[in-house]
Amino acid sequence: DMREVELKGEAFFKVQHDERPFIVKTSDIAVKVHGTQFNVSAYHTDEKSVVSLYEGSVSMHVLGDNSSNCYLKPGEEGSLDKKDKTIRVEKGDVEFAKMWTNEKVKLENKNLHEVCKYLSKWYNVNIIIDPALPDDQSYTFTLHDQSLEDIIRIMSNISSINYYFTEDNTLMITL
């Protein structure tokens, strides 16, 4: 009578409308689906669980508290603060949320911080940017099969940035 999955980590769903409810449960939230495309990011190490709605509609609530039920519209994200168990719904970058599902990602006129946000997710690496670096340059490129090292090397050749990797595989970007 019901379609239900449990999720630890992150998944992108494309769900066909059906009379039977489709529910995604994490350790903190339940997401009820009404025929849609959406991403759920619920890593146990993150301070928030985030539902990003690409199209259709979903509702979400804190597990054990049906009164916390919130509905999302396309382009919105619902985020649960795991400490105080509150859900906040706001306009979100749903393309960013689902970009890891694509074979390639096109970045247009993104500043260094925006580019690093995408690179961090695409390559699953922590990136730290020196706060003294100006954020006035924009980058346009497509990520496909290039290594992170190749992309950063090209960026450093066209911008005045330096970079290095630490022993724990963190990418440091400096002046």
# chains A, B, ... in the order shown; residues from 1 in each chain; ligands from 1
>>> residues_around(residues="A:Lys85", least_positions_apart="5", cutoff="10 Å", atoms="only C-alpha atoms", output="count of residues only")
10
>>> select_by_dssp(residues="stretch 10-159 of chain A", states="helix (DSSP H, G or I)", output="PyMOL selection string")
chain A and resi 94-101+112-123+148-158
>>> select_by_dssp(residues="chain A", states="strand (DSSP E)", output="PyMOL selection string")
chain A and resi 3-6+9-15+22-25+29-42+48-62+65-72+76-81+86-91+105-111+127-129+138-143+162-165+171-174
>>> closest_residue(among="A:Ser160, A:Gly75, A:Ala11, A:Met99", to="A:Ser120", atoms="only C-alpha atoms")
A:Met99
>>> residues_around(residues="A:Ile23", least_positions_apart="3", cutoff="8 Å", atoms="only C-alpha atoms", output="NGL selection string")
:A and (2-5 or 30-33)
>>> residues_around(residues="A:Tyr164", least_positions_apart="3", cutoff="8 Å", atoms="only C-alpha atoms", output="list of chain:residue names")
A:Leu171, A:Met172, A:Ile173
>>> closest_residue(among="A:Phe96, A:Ser52, A:Glu90, A:Asn102", to="A:Lys117", atoms="only C-alpha atoms")
A:Phe96
>>> closest_residue(among="A:Leu107, A:Cys70, A:Ala132, A:Leu53", to="A:Leu175", atoms="only C-alpha atoms")
A:Ala132
>>> closest_residue(among="A:Gly92, A:Gly9, A:Gly56, A:Pro131", to="A:Tyr71", atoms="only C-alpha atoms")
A:Gly56
>>> atom_distance(atom1="atom CA of A:Ile129", atom2="atom CA of A:Glu95")
22.9 Å
>>> residues_around(residues="stretch 138-147 of chain A", least_positions_apart="5", cutoff="7 Å", atoms="only C-alpha atoms", output="list in words")
Glu103, Lys104, Val105, Lys106, Leu107, Glu108, Asn109, Lys110, Asn111 and Leu112 of chain A
>>> write_last_selection(atoms="C-alpha atoms", output="compact mmCIF listing (two decimals), in the first residue's frame")
# COMPACT_ATOMS: atom_id res chain seq x y z
CA GLU A 103 27.80 13.67 -16.45
CA LYS A 104 28.92 17.27 -16.82
CA VAL A 105 28.28 20.64 -15.20
CA LYS A 106 28.40 24.00 -16.93
CA LEU A 107 29.44 26.97 -14.79
CA GLU A 108 28.73 30.43 -16.20
CA ASN A 109 29.98 33.71 -14.71
CA LYS A 110 30.65 32.21 -11.27
CA ASN A 111 33.05 33.85 -8.83
CA LEU A 112 35.80 31.90 -7.06
>>> residues_around(residues="A:His113", least_positions_apart="5", cutoff="10 Å", atoms="only C-alpha atoms", output="PyMOL selection string")
chain A and resi 118-119+127-129+133-135+138
>>> write_last_selection(atoms="C-alpha atoms", output="mmCIF file, in the first residue's frame")
data_model
loop_
_atom_site.group_PDB
_atom_site.id
_atom_site.type_symbol
_atom_site.label_atom_id
_atom_site.label_comp_id
_atom_site.auth_asym_id
_atom_site.auth_seq_id
_atom_site.Cartn_x
_atom_site.Cartn_y
_atom_site.Cartn_z
ATOM 1 C CA TYR A 118 30.679 23.315 -7.092
ATOM 2 C CA LEU A 119 34.173 21.824 -7.250
ATOM 3 C CA ILE A 127 38.301 23.566 -0.322
ATOM 4 C CA ILE A 128 39.554 26.462 1.785
ATOM 5 C CA ILE A 129 39.961 29.882 0.173
ATOM 6 C CA LEU A 133 41.679 36.673 -2.135
ATOM 7 C CA PRO A 134 39.494 39.101 -4.099
ATOM 8 C CA ASP A 135 36.230 37.675 -5.426
ATOM 9 C CA SER A 138 34.213 35.315 -12.868
#
>>> closest_residue(among="A:Leu148, A:Val125, A:Val115, A:Ala97", to="A:Glu76", atoms="only C-alpha atoms")
A:Ala97
>>> closest_residue(among="A:Glu6, A:Glu47, A:Glu167, A:Asp84", to="A:Ser27", atoms="only C-alpha atoms")
A:Glu6
